[in-house]
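Here is the file start21.cif (mmCIF, C-alpha atoms and all ligand atoms).
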data_coords
loop_
_atom_site.label_atom_id
_atom_site.label_comp_id
_atom_site.auth_asym_id
_atom_site.auth_seq_id
_atom_site.Cartn_x
_atom_site.Cartn_y
_atom_site.Cartn_z
CA MET A 1 84.87 105.46 96.61
CA LYS A 2 86.67 108.62 95.47
CA PHE A 3 90.08 107.10 96.37
CA ILE A 4 89.29 103.93 94.43
CA ALA A 5 88.32 105.82 91.27
CA GLN A 6 91.59 107.78 91.48
CA ALA A 7 93.56 104.58 91.96
CA LEU A 8 91.91 102.75 89.06
CA ARG A 9 92.48 105.69 86.71
CA HIS A 10 96.19 105.54 87.49
CA SER A 11 96.64 101.77 87.20
CA THR A 12 95.26 101.61 83.68
CA THR A 13 98.36 103.50 82.45
CA VAL A 14 100.82 100.71 83.36
CA SER A 15 101.45 97.76 81.10
CA SER A 16 103.70 94.83 81.94
CA ARG A 17 104.09 91.04 81.81
CA ARG A 18 103.34 90.90 85.50
CA PRO A 19 100.24 92.13 87.37
CA PHE A 20 99.88 95.74 88.51
CA VAL A 21 100.70 95.51 92.22
CA LEU A 22 99.28 97.74 94.90
CA VAL A 23 99.80 97.54 98.63
CA ASN A 24 97.25 98.64 101.20
CA MET A 25 98.22 99.10 104.86
CA ALA A 26 97.03 100.96 107.94
CA MET A 27 99.68 102.48 110.19
CA THR A 28 99.83 104.52 113.37
CA ALA A 29 101.08 108.11 113.42
CA ASP A 30 104.49 106.66 114.42
CA GLY A 31 104.53 104.30 111.44
CA LYS A 32 103.68 100.95 113.10
CA ILE A 33 101.37 98.30 111.61
CA ALA A 34 101.04 96.28 114.85
CA THR A 35 102.09 96.48 118.48
CA ALA A 36 105.52 95.18 119.48
CA ASN A 37 103.95 91.97 120.84
CA ARG A 38 101.96 91.71 117.54
CA THR A 39 98.66 91.10 119.32
CA ILE A 40 97.05 94.29 117.95
CA SER A 41 97.08 94.83 114.20
CA THR A 42 93.51 95.97 113.54
CA PHE A 43 93.15 99.51 114.81
CA SER A 44 91.75 101.64 111.99
CA SER A 45 88.21 103.02 111.69
CA SER A 46 85.22 101.35 110.05
CA ARG A 47 85.78 103.79 107.14
CA ASP A 48 89.23 102.28 106.62
CA GLN A 49 87.84 98.74 106.84
CA GLU A 50 85.38 99.73 104.11
CA HIS A 51 88.27 101.17 102.07
CA LEU A 52 90.11 97.84 102.42
CA LEU A 53 87.11 95.95 101.01
CA GLU A 54 86.64 98.53 98.22
CA LEU A 55 90.25 98.01 97.17
CA ARG A 56 89.88 94.23 97.32
CA ALA A 57 86.92 94.66 94.96
CA THR A 58 89.30 96.05 92.31
CA ALA A 59 91.83 93.21 92.39
CA ASP A 60 91.89 89.77 90.79
CA ALA A 61 93.87 88.42 93.72
CA LEU A 62 95.01 89.22 97.23
CA ILE A 63 98.54 88.31 98.40
CA MET A 64 99.71 87.96 102.02
CA GLY A 65 102.75 86.68 103.88
CA ALA A 66 102.29 83.52 105.96
CA ARG A 67 102.19 85.31 109.36
CA THR A 68 99.39 87.64 108.24
CA ALA A 69 97.40 85.01 106.34
CA GLU A 70 97.38 82.54 109.25
CA SER A 71 96.08 85.13 111.75
CA ASP A 72 92.73 84.46 113.43
CA GLY A 73 89.74 85.74 111.50
CA VAL A 74 91.63 86.13 108.20
CA THR A 75 89.91 84.47 105.22
CA MET A 76 91.23 86.82 102.49
CA GLY A 77 87.71 87.09 101.08
CA PRO A 78 85.89 89.89 99.24
CA GLY A 79 83.49 90.58 102.12
CA PRO A 80 79.72 91.20 101.95
CA ALA A 81 77.57 90.75 98.84
CA ARG A 82 77.69 94.40 97.77
CA PHE A 83 81.51 94.17 97.31
CA ARG A 84 81.07 91.00 95.27
CA ARG A 85 78.53 92.83 93.09
CA MET A 86 81.13 95.62 92.56
CA ARG A 87 83.58 92.96 91.37
CA LEU A 88 81.10 91.46 88.93
CA LYS A 89 80.26 94.92 87.55
CA ARG A 90 83.96 95.48 86.86
CA GLY A 91 84.17 92.16 85.02
CA LEU A 92 86.11 90.44 87.82
CA ALA A 93 85.32 87.02 89.30
CA GLU A 94 82.87 87.23 92.21
CA TYR A 95 85.57 85.99 94.62
CA ASN A 96 89.23 87.06 94.48
CA LEU A 97 92.00 84.49 94.19
CA ARG A 98 94.17 84.08 97.30
CA VAL A 99 97.97 83.96 97.17
CA ILE A 100 100.04 83.18 100.28
CA VAL A 101 103.84 83.41 100.51
CA THR A 102 105.58 80.80 102.66
CA GLY A 103 109.25 80.50 101.72
CA SER A 104 110.04 77.80 104.29
CA GLY A 105 106.58 76.22 104.16
CA SER A 106 105.93 77.13 107.81
CA ILE A 107 102.33 78.31 107.24
CA ASN A 108 99.89 76.83 109.75
CA ILE A 109 97.76 74.43 107.71
CA ARG A 110 94.99 74.59 110.34
CA ALA A 111 94.60 78.35 109.86
CA GLU A 112 91.10 79.71 109.24
CA VAL A 113 92.01 80.83 105.73
CA PHE A 114 92.16 77.18 104.58
CA GLU A 115 88.72 76.40 105.97
CA SER A 116 86.87 78.71 103.57
CA ARG A 117 86.81 77.28 100.07
CA PHE A 118 85.18 80.14 98.14
CA SER A 119 88.18 80.64 95.80
CA PRO A 120 91.49 78.94 94.96
CA ILE A 121 94.46 79.33 97.31
CA ILE A 122 97.91 79.44 95.70
CA LEU A 123 100.98 78.99 97.89
CA LEU A 124 104.27 80.51 96.67
CA THR A 125 107.31 78.80 98.15
CA THR A 126 110.96 77.84 97.53
CA GLU A 127 113.12 74.73 97.13
CA ARG A 128 113.85 75.01 100.86
CA VAL A 129 110.64 73.07 101.51
CA ALA A 130 111.19 69.33 101.79
CA SER A 131 109.04 67.18 99.50
CA ARG A 132 107.10 65.67 102.42
CA ARG A 133 106.12 69.12 103.70
CA ARG A 134 105.21 70.15 100.16
CA GLU A 135 102.77 67.22 99.99
CA VAL A 136 101.14 68.45 103.20
CA LEU A 137 100.78 71.94 101.74
CA GLU A 138 99.31 70.51 98.53
CA ARG A 139 96.49 69.00 100.59
CA VAL A 140 95.28 72.41 101.79
CA ALA A 141 96.10 74.59 98.76
CA ASP A 142 94.86 74.47 95.19
CA GLU A 143 98.41 74.94 93.89
CA VAL A 144 101.85 75.03 95.49
CA ALA A 145 104.35 76.77 93.21
CA VAL A 146 108.12 76.87 93.77
CA PHE A 147 110.10 79.93 92.67
CA GLY A 148 113.77 80.03 93.69
CA ASP A 149 116.15 77.96 95.79
CA ALA A 150 116.73 79.84 99.05
CA GLU A 151 115.20 83.20 98.06
CA LEU A 152 111.78 83.49 96.53
CA ASP A 153 111.99 84.93 93.00
CA PHE A 154 109.01 87.30 93.07
CA THR A 155 109.48 88.62 89.53
CA SER A 156 109.10 85.13 88.05
CA ALA A 157 106.31 84.29 90.50
CA LEU A 158 104.28 87.36 89.53
CA GLU A 159 104.76 86.74 85.81
CA TRP A 160 103.54 83.19 86.37
CA LEU A 161 100.53 84.43 88.38
CA ARG A 162 99.56 86.55 85.41
CA SER A 163 100.10 83.92 82.72
CA LYS A 164 98.76 80.87 84.60
CA TRP A 165 96.03 82.40 86.76
CA GLY A 166 95.14 85.52 84.74
CA ILE A 167 95.95 87.90 87.60
CA ASN A 168 96.19 91.43 86.19
CA ARG A 169 95.79 93.35 89.42
CA LEU A 170 97.29 92.03 92.66
CA LEU A 171 96.69 93.58 96.07
CA SER A 172 99.23 93.05 98.86
CA GLU A 173 98.03 93.45 102.41
CA GLY A 174 101.40 92.67 103.95
CA GLY A 175 102.80 92.05 106.37
CA GLY A 176 106.01 93.97 106.45
CA ASP A 177 108.24 91.06 105.43
CA LEU A 178 106.32 90.36 102.26
CA ASN A 179 106.10 94.06 101.41
CA ASP A 180 109.85 94.49 101.84
CA ALA A 181 110.59 91.71 99.36
CA LEU A 182 108.16 93.22 96.84
CA PHE A 183 109.60 96.73 97.33
CA ARG A 184 113.20 95.54 96.97
CA ALA A 185 112.31 93.71 93.75
CA GLY A 186 110.75 96.95 92.44
CA LEU A 187 107.38 95.28 92.08
CA ILE A 188 105.06 97.70 93.92
CA ASP A 189 103.33 100.17 91.61
CA GLU A 190 101.09 101.88 94.12
CA ILE A 191 100.93 102.35 97.90
CA HIS A 192 97.71 103.02 99.81
CA VAL A 193 98.40 103.96 103.38
CA THR A 194 95.93 104.99 106.05
CA ILE A 195 97.50 107.01 108.86
CA CYS A 196 95.61 106.48 112.10
CA PRO A 197 95.69 108.82 115.13
CA LEU A 198 97.49 106.43 117.52
CA VAL A 199 101.06 105.92 118.67
CA PHE A 200 102.26 102.38 119.52
CA GLY A 201 106.00 102.91 119.90
CA GLY A 202 108.14 99.83 120.47
CA ARG A 203 111.48 99.19 118.78
CA THR A 204 110.31 95.81 117.53
CA ALA A 205 106.82 96.86 116.46
CA PRO A 206 106.57 96.10 112.71
CA THR A 207 106.28 98.73 109.99
CA ILE A 208 104.93 98.63 106.44
CA SER A 209 108.24 97.35 105.06
CA GLU A 210 110.42 95.13 107.26
CA GLY A 211 112.92 92.48 106.16
CA LEU A 212 116.25 93.63 104.77
CA GLY A 213 115.44 97.10 103.44
CA VAL A 214 118.07 99.14 101.60
CA SER A 215 121.30 100.67 102.95
CA ARG A 216 121.86 103.50 100.45
CA LEU A 217 119.64 106.44 99.57
CA SER A 218 120.15 105.66 95.90
CA ASP A 219 118.54 102.23 96.45
CA ALA A 220 115.39 103.69 98.03
CA ARG A 221 112.22 102.97 96.06
CA ARG A 222 110.73 106.21 94.78
CA TYR A 223 107.08 107.23 94.68
CA SER A 224 105.08 110.35 94.05
CA LEU A 225 102.06 111.44 96.06
CA GLN A 226 98.86 110.96 94.03
CA SER A 227 96.20 111.91 96.54
CA LEU A 228 95.73 112.82 100.17
CA ASN A 229 92.30 112.79 101.79
CA GLN A 230 91.33 113.38 105.38
CA VAL A 231 88.26 111.56 106.66
CA SER A 232 87.51 112.39 110.26
CA ASN A 233 90.69 111.56 112.21
CA GLU A 234 92.45 109.53 109.54
CA VAL A 235 94.51 110.39 106.46
CA PHE A 236 94.25 108.30 103.29
CA ALA A 237 97.34 108.68 101.09
CA VAL A 238 98.07 107.13 97.71
CA TYR A 239 101.56 107.03 96.21
CA ALA A 240 102.44 105.89 92.70
CA ALA A 241 105.79 104.48 91.61
CA THR A 242 107.77 107.01 89.61
CA ARG A 243 108.56 106.24 86.00
CA THR A 244 112.19 105.28 86.82
CA GLU A 245 110.99 102.98 89.59
CA ARG A 246 108.64 101.27 87.21
CA SER A 247 111.12 100.82 84.39
CA GLY A 248 113.57 99.25 86.87
CA GLY A 249 111.08 96.87 88.42
CA ALA A 250 108.38 96.03 85.94
CA LYS A 251 109.28 93.93 82.92
N1 LIG B 1 98.18 97.25 109.95
C1 LIG B 1 98.13 96.57 108.83
O1 LIG B 1 97.63 97.09 107.80
C2 LIG B 1 98.67 95.16 108.79
C3 LIG B 1 98.53 94.44 107.61
C4 LIG B 1 99.08 93.15 107.56
C5 LIG B 1 99.73 92.61 108.65
N2 LIG B 1 99.81 93.32 109.79
C6 LIG B 1 100.51 92.73 110.96
O2 LIG B 1 101.88 92.55 110.62
C7 LIG B 1 102.40 91.40 111.30
C8 LIG B 1 102.89 90.34 110.31
O3 LIG B 1 103.86 90.86 109.50
P1 LIG B 1 105.23 90.10 109.23
O4 LIG B 1 106.08 91.01 108.44
O5 LIG B 1 105.74 89.56 110.52
O6 LIG B 1 104.81 88.80 108.42
P2 LIG B 1 104.24 88.49 106.95
O7 LIG B 1 104.94 89.27 105.89
O8 LIG B 1 102.77 88.49 106.97
O9 LIG B 1 104.68 86.95 106.86
C9 LIG B 1 106.03 86.61 106.97
C10 LIG B 1 106.19 85.22 106.41
O10 LIG B 1 105.79 85.20 105.03
C11 LIG B 1 106.75 84.50 104.26
N3 LIG B 1 107.54 85.46 103.49
C12 LIG B 1 107.44 86.82 103.52
N4 LIG B 1 108.36 87.36 102.67
C13 LIG B 1 109.03 86.32 102.12
C14 LIG B 1 110.08 86.22 101.18
N5 LIG B 1 110.69 87.28 100.68
N6 LIG B 1 110.51 84.97 100.83
C15 LIG B 1 109.95 83.90 101.35
N7 LIG B 1 108.94 83.91 102.25
C16 LIG B 1 108.49 85.11 102.63
C17 LIG B 1 107.66 83.80 105.27
O11 LIG B 1 107.01 82.57 105.56
P3 LIG B 1 107.84 81.27 106.05
O12 LIG B 1 108.16 81.54 107.50
O13 LIG B 1 106.93 80.14 105.84
O14 LIG B 1 109.08 81.22 105.21
C18 LIG B 1 107.65 84.76 106.43
O15 LIG B 1 107.98 84.19 107.67
C19 LIG B 1 101.27 90.81 112.07
O16 LIG B 1 101.31 91.32 113.38
C20 LIG B 1 100.06 91.32 111.29
O17 LIG B 1 98.89 91.25 112.02
C21 LIG B 1 99.30 94.60 109.90
#
Just give me the structure as structure tokens.
Amino acid sequence: MKFIAQALRHSTTVSSRRPFVLVNMAMTADGKIATANRTISTFSSSRDQEHLLELRATADALIMGARTAESDGVTMGPGPARFRRMRLKRGLAEYNLRVIVTGSGSINIRAEVFESRFSPIILLTTERVASRRREVLERVADEVAVFGDAELDFTSALEWLRSKWGINRLLSEGGGDLNDALFRAGLIDEIHVTICPLVFGGRTAPTISEGLGVSRLSDARRYSLQSLNQVSNEVFAVYAATRTERSGGAK
């Protein structure tokens, strides 16, 4: 809980027309978030799983890319009753909203996440999706919102999530493609990363931020280390966007 209190103290200092955005990921000591064949992506301790649910209990909504959201066992929920009680105590809804990004509309509509109806599911997509496919998506989601022609306009999407759905604090749990788009748009205010004592290797094994990345040092997103805690064999680090980062990204 100590990490959560630190994180919440920091996030109250940022004001913007979009939600405060934090990302939470577990990675191996060699920086991978899954094996190269992508079959293993859950590898952290039960303490880290608890940390994930504690962080979810601070956010109005959870956002995931299509490949992560459609994985087996993923419901994007708040977890057991005690985490829902934490949410209510903080003045949040008992169940977090769920936001899924699917630029081409390829999300598997039979995925487990659509079977649980505890809170609204919002799909963010682009004009690339044909109207017939959009109708299919509208059958499984509570809202399908289009932002951008070929590229998803995350700045507008996040401002809309705040104004239409009242999302003030948005937690990204990846994967790497979604994170990269959020980083490049300067929309990530805080990074929570758990470093686990494993090495996966593999040139094609994904990392926290995939996609296009940047090609110049001057374009790198900049963060400062807020806290570093060791629990048993794992390291829990929190980074906050620097002031320059925030003034560039957050409107
Ligand atoms: N260790 C961890 O903490 C952790 C956390 C999360 C995920 N993972 C693992 O990471 C892997 C998945 O990561 P990933 O990077 O391949 O996939 P991802 O980000 O979960 O999903 C990628 C999909 O999301 C949509 N998307 C993402 N960014 C977009 C953008 N800028 N514009 C439009 N659409 C966008 C696209 O959907 P469309 O194809 O429909 O356009 C894209 O194909 C899995 O193996 C997962 O289990 C690990």
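With only C-alpha atoms and all ligand atoms as the basis for measurement, A:Asp48 is the residue among A:Glu115, A:Asp48, A:Glu135, A:Asp60 that approaches ligand LIG 1 (chain B) most closely.
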One decimal, in Å: what's the spacing between CA of Thr126 in chain A and CA of Asn179 in chain A? 17.4 Å
For each of A:Asn96, A:Thr58, A:Ser218, A:Ser106, take the minimum atom-to-atom distance to Ile122 in chain A, counting only C-alpha atoms, then give the residue where this is smallest.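 Closest residue, counting only C-alpha atoms: A:Asn96.
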Enumerate residues in contact with ligand LIG 1 (chain B): an atom-to-atom distance of at most 6 Å, counting all atoms listed in the file. Format the result as a PyMOL selection string. chain A and resi 25-27+33-34+38+41+64-68+101-107+151-152+173-178+181
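Closest approach to Ser71 in chain A from the set A:Arg110, A:Arg169, A:Lys32, A:His192 is made by A:Arg110, with distances taken over only C-alpha atoms.
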Just the residues within 9 Å of Ala185 in chain A, please, counting only C-alpha atoms, with nothing from its chain fewer than 2 positions along; format it as a compact mmCIF listing (two decimals) with C-alpha atoms, in the frame of the given file.
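Written output follows (result.txt):
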# COMPACT_ATOMS: atom_id res chain seq x y z
CA ASP A 153 111.99 84.93 93.00
CA PHE A 154 109.01 87.30 93.07
CA THR A 155 109.48 88.62 89.53
CA ASP A 180 109.85 94.49 101.84
CA ALA A 181 110.59 91.71 99.36
CA LEU A 182 108.16 93.22 96.84
CA PHE A 183 109.60 96.73 97.33
CA LEU A 187 107.38 95.28 92.08
CA ILE A 188 105.06 97.70 93.92
CA GLY A 248 113.57 99.25 86.87
CA GLY A 249 111.08 96.87 88.42
Rank nothing, just name the residue among A:Arg134, A:Arg18, A:Arg47, A:Arg56 nearest to Asn233 in chain A, using only C-alpha atoms.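 Looking only at the distances to Asn233 in chain A, the closest residue turns out to be A:Arg47.
Applying the 9 Å criterion to (108.3, 99.7, 114.1) in file coordinates and using all atoms listed in the file, one obtains the residues Asp30, Gly31, Lys32, Ile33, Ala34, Thr35, Ala36, Phe200, Gly201, Gly202, Arg203, Thr204, Ala205, Pro206, Thr207, Ile208 and Glu210 of chain A.
Distances from A:Glu143, A:Glu54, A:Glu112, A:Glu94 to Asp72 in chain A were compared using only C-alpha atoms, and the smallest one belongs to A:Glu112.
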Provide an axis-aligned box for all listed atoms of range 55-72 of chain A, padding each side by 4 Å; report its centre and its edge lengths in Å to one decimal, as AutoDock Vina command-line options.
--center_x 94.8 --center_y 90.3 --center_z 102.1 --size_x 23.8 --size_y 23.5 --size_z 30.6
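Separating CA of Ser224 in chain A from CA of Pro19 in chain A is a distance of 20.0 Å.
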In the coordinates of the file, take the point (82.2, 94.1, 91.5) and a cut-off of 12 Å; then, counting all atoms listed in the file, name each qualifying protein, DNA or RNA residue as a PyMOL selection string. chain A and resi 53-60+78-96
Of the candidates A:Thr39, A:Ile109, A:Gly166, A:Ser172, which one gets nearest to Glu138 in chain A if we count all atoms listed in the file? A:Ile109
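Between CA of Leu212 in chain A and CA of Glu234 in chain A lies a distance of 29.0 Å.
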Extract, using all atoms listed in the file, all DNA, RNA and protein residues at most 6 Å from Ile121 in chain A, discarding same-chain residues fewer than 5 positions from it, and format them as a compact mmCIF listing (two decimals) with C-alpha atoms, in the frame of the given file.
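Contents of out.txt, as written:
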# COMPACT_ATOMS: atom_id res chain seq x y z
CA ARG A 98 94.17 84.08 97.30
CA VAL A 99 97.97 83.96 97.17
CA ALA A 141 96.10 74.59 98.76
CA ASP A 142 94.86 74.47 95.19
Reconstruct range 100-114 of chain A at the level of N, CA, C and O atoms, and format the result as a PDB file, in the coordinates of the input.
ATOM      1  N   ILE A 100      99.332  83.103  98.993  1.00  0.00           N
ATOM      2  CA  ILE A 100     100.040  83.180 100.280  1.00  0.00           C
ATOM      3  C   ILE A 100     101.511  82.816 100.066  1.00  0.00           C
ATOM      4  O   ILE A 100     101.824  81.830  99.385  1.00  0.00           O
ATOM      5  N   VAL A 101     102.399  83.621 100.663  1.00  0.00           N
ATOM      6  CA  VAL A 101     103.840  83.410 100.510  1.00  0.00           C
ATOM      7  C   VAL A 101     104.381  82.704 101.749  1.00  0.00           C
ATOM      8  O   VAL A 101     104.202  83.190 102.874  1.00  0.00           O
ATOM      9  N   THR A 102     105.025  81.564 101.533  1.00  0.00           N
ATOM     10  CA  THR A 102     105.580  80.800 102.660  1.00  0.00           C
ATOM     11  C   THR A 102     106.888  80.153 102.197  1.00  0.00           C
ATOM     12  O   THR A 102     106.913  78.992 101.783  1.00  0.00           O
ATOM     13  N   GLY A 103     107.970  80.943 102.266  1.00  0.00           N
ATOM     14  CA  GLY A 103     109.250  80.500 101.720  1.00  0.00           C
ATOM     15  C   GLY A 103     109.781  79.225 102.327  1.00  0.00           C
ATOM     16  O   GLY A 103     110.384  78.394 101.639  1.00  0.00           O
ATOM     17  N   SER A 104     109.545  79.023 103.642  1.00  0.00           N
ATOM     18  CA  SER A 104     110.040  77.800 104.290  1.00  0.00           C
ATOM     19  C   SER A 104     108.914  76.785 104.496  1.00  0.00           C
ATOM     20  O   SER A 104     109.131  75.743 105.089  1.00  0.00           O
ATOM     21  N   GLY A 105     107.716  77.133 104.031  1.00  0.00           N
ATOM     22  CA  GLY A 105     106.580  76.220 104.160  1.00  0.00           C
ATOM     23  C   GLY A 105     106.030  76.158 105.573  1.00  0.00           C
ATOM     24  O   GLY A 105     105.303  75.225 105.933  1.00  0.00           O
ATOM     25  N   SER A 106     106.315  77.187 106.394  1.00  0.00           N
ATOM     26  CA  SER A 106     105.930  77.130 107.810  1.00  0.00           C
ATOM     27  C   SER A 106     104.472  77.507 108.066  1.00  0.00           C
ATOM     28  O   SER A 106     104.016  77.463 109.206  1.00  0.00           O
ATOM     29  N   ILE A 107     103.722  77.880 107.042  1.00  0.00           N
ATOM     30  CA  ILE A 107     102.330  78.310 107.240  1.00  0.00           C
ATOM     31  C   ILE A 107     101.542  77.258 108.027  1.00  0.00           C
ATOM     32  O   ILE A 107     101.692  76.058 107.794  1.00  0.00           O
ATOM     33  N   ASN A 108     100.713  77.732 108.942  1.00  0.00           N
ATOM     34  CA  ASN A 108      99.890  76.830 109.750  1.00  0.00           C
ATOM     35  C   ASN A 108      98.736  76.292 108.895  1.00  0.00           C
ATOM     36  O   ASN A 108      97.836  77.030 108.504  1.00  0.00           O
ATOM     37  N   ILE A 109      98.762  74.992 108.629  1.00  0.00           N
ATOM     38  CA  ILE A 109      97.760  74.430 107.710  1.00  0.00           C
ATOM     39  C   ILE A 109      96.371  74.334 108.363  1.00  0.00           C
ATOM     40  O   ILE A 109      95.399  74.029 107.688  1.00  0.00           O
ATOM     41  N   ARG A 110      96.307  74.599 109.676  1.00  0.00           N
ATOM     42  CA  ARG A 110      94.990  74.590 110.340  1.00  0.00           C
ATOM     43  C   ARG A 110      94.407  75.997 110.422  1.00  0.00           C
ATOM     44  O   ARG A 110      93.369  76.216 111.036  1.00  0.00           O
ATOM     45  N   ALA A 111      95.077  76.961 109.796  1.00  0.00           N
ATOM     46  CA  ALA A 111      94.600  78.350 109.860  1.00  0.00           C
ATOM     47  C   ALA A 111      93.227  78.476 109.206  1.00  0.00           C
ATOM     48  O   ALA A 111      92.878  77.707 108.297  1.00  0.00           O
ATOM     49  N   GLU A 112      92.470  79.485 109.715  1.00  0.00           N
ATOM     50  CA  GLU A 112      91.100  79.710 109.240  1.00  0.00           C
ATOM     51  C   GLU A 112      91.008  79.901 107.727  1.00  0.00           C
ATOM     52  O   GLU A 112      90.036  79.498 107.093  1.00  0.00           O
ATOM     53  N   VAL A 113      92.059  80.519 107.158  1.00  0.00           N
ATOM     54  CA  VAL A 113      92.010  80.830 105.730  1.00  0.00           C
ATOM     55  C   VAL A 113      91.808  79.566 104.885  1.00  0.00           C
ATOM     56  O   VAL A 113      91.166  79.607 103.837  1.00  0.00           O
ATOM     57  N   PHE A 114      92.298  78.413 105.360  1.00  0.00           N
ATOM     58  CA  PHE A 114      92.160  77.180 104.580  1.00  0.00           C
ATOM     59  C   PHE A 114      90.790  76.528 104.760  1.00  0.00           C
ATOM     60  O   PHE A 114      90.458  75.590 104.056  1.00  0.00           O
TER      61      PHE A 114
END
